[in-house]
Amino acid sequence: MLYGRVSIDPEIMSGAPVFAGTRVPVQNLFDYLEGGEDLAEFLDDFPSVSKETALAVLEMAKKTLTSEKLLNENFA
């Protein structure tokens with residue numbers, strides 16, 4: 001299934017959400033940021049992910065976590 005810039009396919013990375021068209025788990029981006037790395041470092045280490053795509057995924061996360069409706073739909 002394709003969710004914007006995120007793909008989930010049981011045949012790719014055991015179904016972990018990845019950046020569409022890659023085998024790079026979305027979790028890697030959050031791990032980099034959580035570890036104190038910046039977006040540029042992530043993009044250098046994963047050149048198959050474009051800056052535009054990484055920013056779009058961050059925006060998806062932002063919208064999910066800042067919308068009461070989406071929070072209720074996904075986490076209530």
# chains A, B, ... in the order shown; residues from 1 in each chain; ligands from 1
call {"tool": "select_by_dssp", "arguments": {"residues": "chain A", "states": "helix (DSSP H, G or I)", "output": "PyMOL selection string"}}
result
chain A and resi 13-15+26-34+39-45+51-66+68-75
call {"tool": "residues_around", "arguments": {"residues": "A:Gly4", "least_positions_apart": "4", "cutoff": "10 Å", "atoms": "only C-alpha atoms", "output": "list in words"}}
result
Phe19, Ala20, Thr53, Ala56, Val57 and Met60 of chain A
call {"tool": "closest_residue", "arguments": {"among": "A:Leu29, A:Ile12, A:Val18, A:Leu71", "to": "A:Glu41", "atoms": "only C-alpha atoms"}}
result
A:Leu29
call {"tool": "closest_residue", "arguments": {"among": "A:Leu43, A:Leu70, A:Leu65, A:Leu58", "to": "A:Val6", "atoms": "only C-alpha atoms"}}
result
A:Leu58
call {"tool": "atom_distance", "arguments": {"atom1": "atom CA of A:Met1", "atom2": "atom CA of A:Arg23"}}
result
14.2 Å
call {"tool": "atom_distance", "arguments": {"atom1": "atom CA of A:Val49", "atom2": "atom CA of A:Thr22"}}
result
7.4 Å
call {"tool": "atom_distance", "arguments": {"atom1": "atom CA of A:Ala40", "atom2": "atom CA of A:Ala16"}}
result
23.0 Å
call {"tool": "closest_residue", "arguments": {"among": "A:Ser50, A:Asn28, A:Asn74, A:Thr66", "to": "A:Arg5", "atoms": "only C-alpha atoms"}}
result
A:Ser50
call {"tool": "select_by_dssp", "arguments": {"residues": "chain A", "states": "strand (DSSP E or B)", "output": "PyMOL selection string"}}
result
chain A and resi 2-3+6-7+18-19+25
call {"tool": "decode", "arguments": {"residues": "stretch 14-25 of chain A", "atoms": "all heavy atoms", "output": "mmCIF file, in the first residue's frame"}}
result
data_model
loop_
_atom_site.group_PDB
_atom_site.id
_atom_site.type_symbol
_atom_site.label_atom_id
_atom_site.label_comp_id
_atom_site.auth_asym_id
_atom_site.auth_seq_id
_atom_site.Cartn_x
_atom_site.Cartn_y
_atom_site.Cartn_z
ATOM 1 N N SER A 14 10.062 -6.741 5.380
ATOM 2 C CA SER A 14 9.088 -7.433 6.236
ATOM 3 C C SER A 14 7.861 -6.584 6.567
ATOM 4 O O SER A 14 7.259 -6.729 7.624
ATOM 5 C CB SER A 14 9.754 -7.895 7.532
ATOM 6 O OG SER A 14 10.813 -8.783 7.249
ATOM 7 N N GLY A 15 7.513 -5.668 5.674
ATOM 8 C CA GLY A 15 6.317 -4.864 5.861
ATOM 9 C C GLY A 15 6.513 -3.602 6.676
ATOM 10 O O GLY A 15 5.548 -2.894 6.953
ATOM 11 N N ALA A 16 7.760 -3.295 7.049
ATOM 12 C CA ALA A 16 8.020 -2.042 7.764
ATOM 13 C C ALA A 16 7.749 -0.876 6.816
ATOM 14 O O ALA A 16 8.036 -0.971 5.617
ATOM 15 C CB ALA A 16 9.463 -1.987 8.252
ATOM 16 N N PRO A 17 7.200 0.226 7.313
ATOM 17 C CA PRO A 17 7.009 1.399 6.447
ATOM 18 C C PRO A 17 8.352 1.901 5.931
ATOM 19 O O PRO A 17 9.299 2.083 6.706
ATOM 20 C CB PRO A 17 6.359 2.429 7.380
ATOM 21 C CG PRO A 17 5.740 1.624 8.475
ATOM 22 C CD PRO A 17 6.651 0.446 8.657
ATOM 23 N N VAL A 18 8.436 2.053 4.615
ATOM 24 C CA VAL A 18 9.670 2.539 3.977
ATOM 25 C C VAL A 18 9.345 3.756 3.126
ATOM 26 O O VAL A 18 8.191 4.001 2.776
ATOM 27 C CB VAL A 18 10.331 1.453 3.097
ATOM 28 C CG1 VAL A 18 10.751 0.243 3.917
ATOM 29 C CG2 VAL A 18 9.437 1.033 1.946
ATOM 30 N N PHE A 19 10.385 4.511 2.811
ATOM 31 C CA PHE A 19 10.210 5.605 1.858
ATOM 32 C C PHE A 19 9.869 4.978 0.516
ATOM 33 O O PHE A 19 10.555 4.057 0.064
ATOM 34 C CB PHE A 19 11.482 6.443 1.760
ATOM 35 C CG PHE A 19 11.755 7.245 2.999
ATOM 36 C CD1 PHE A 19 12.575 6.753 3.995
ATOM 37 C CD2 PHE A 19 11.177 8.495 3.171
ATOM 38 C CE1 PHE A 19 12.815 7.480 5.146
ATOM 39 C CE2 PHE A 19 11.408 9.233 4.317
ATOM 40 C CZ PHE A 19 12.236 8.726 5.309
ATOM 41 N N ALA A 20 8.794 5.434 -0.109
ATOM 42 C CA ALA A 20 8.325 4.857 -1.368
ATOM 43 C C ALA A 20 9.453 4.778 -2.386
ATOM 44 O O ALA A 20 10.238 5.711 -2.544
ATOM 45 C CB ALA A 20 7.168 5.675 -1.917
ATOM 46 N N GLY A 21 9.548 3.627 -3.032
ATOM 47 C CA GLY A 21 10.550 3.410 -4.064
ATOM 48 C C GLY A 21 11.925 3.052 -3.527
ATOM 49 O O GLY A 21 12.883 2.949 -4.287
ATOM 50 N N THR A 22 12.027 2.851 -2.204
ATOM 51 C CA THR A 22 13.311 2.493 -1.596
ATOM 52 C C THR A 22 13.103 1.315 -0.655
ATOM 53 O O THR A 22 11.991 0.840 -0.465
ATOM 54 C CB THR A 22 13.907 3.661 -0.769
ATOM 55 O OG1 THR A 22 13.202 3.758 0.478
ATOM 56 C CG2 THR A 22 13.837 4.975 -1.518
ATOM 57 N N ARG A 23 14.195 0.898 -0.033
ATOM 58 C CA ARG A 23 14.144 -0.096 1.040
ATOM 59 C C ARG A 23 14.589 0.556 2.353
ATOM 60 O O ARG A 23 15.018 -0.127 3.274
ATOM 61 C CB ARG A 23 15.035 -1.290 0.686
ATOM 62 C CG ARG A 23 14.584 -2.024 -0.576
ATOM 63 C CD ARG A 23 15.464 -3.209 -0.894
ATOM 64 N NE ARG A 23 15.443 -4.231 0.111
ATOM 65 C CZ ARG A 23 14.491 -5.147 0.286
ATOM 66 N NH1 ARG A 23 13.456 -5.167 -0.525
ATOM 67 N NH2 ARG A 23 14.569 -6.045 1.235
ATOM 68 N N VAL A 24 14.472 1.866 2.427
ATOM 69 C CA VAL A 24 14.899 2.611 3.615
ATOM 70 C C VAL A 24 13.707 2.771 4.555
ATOM 71 O O VAL A 24 12.730 3.448 4.212
ATOM 72 C CB VAL A 24 15.458 3.997 3.228
ATOM 73 C CG1 VAL A 24 15.870 4.779 4.474
ATOM 74 C CG2 VAL A 24 16.618 3.866 2.253
ATOM 75 N N PRO A 25 13.770 2.156 5.733
ATOM 76 C CA PRO A 25 12.673 2.297 6.684
ATOM 77 C C PRO A 25 12.511 3.751 7.146
ATOM 78 O O PRO A 25 13.502 4.444 7.406
ATOM 79 C CB PRO A 25 13.089 1.408 7.858
ATOM 80 C CG PRO A 25 14.064 0.438 7.268
ATOM 81 C CD PRO A 25 14.785 1.214 6.201
#
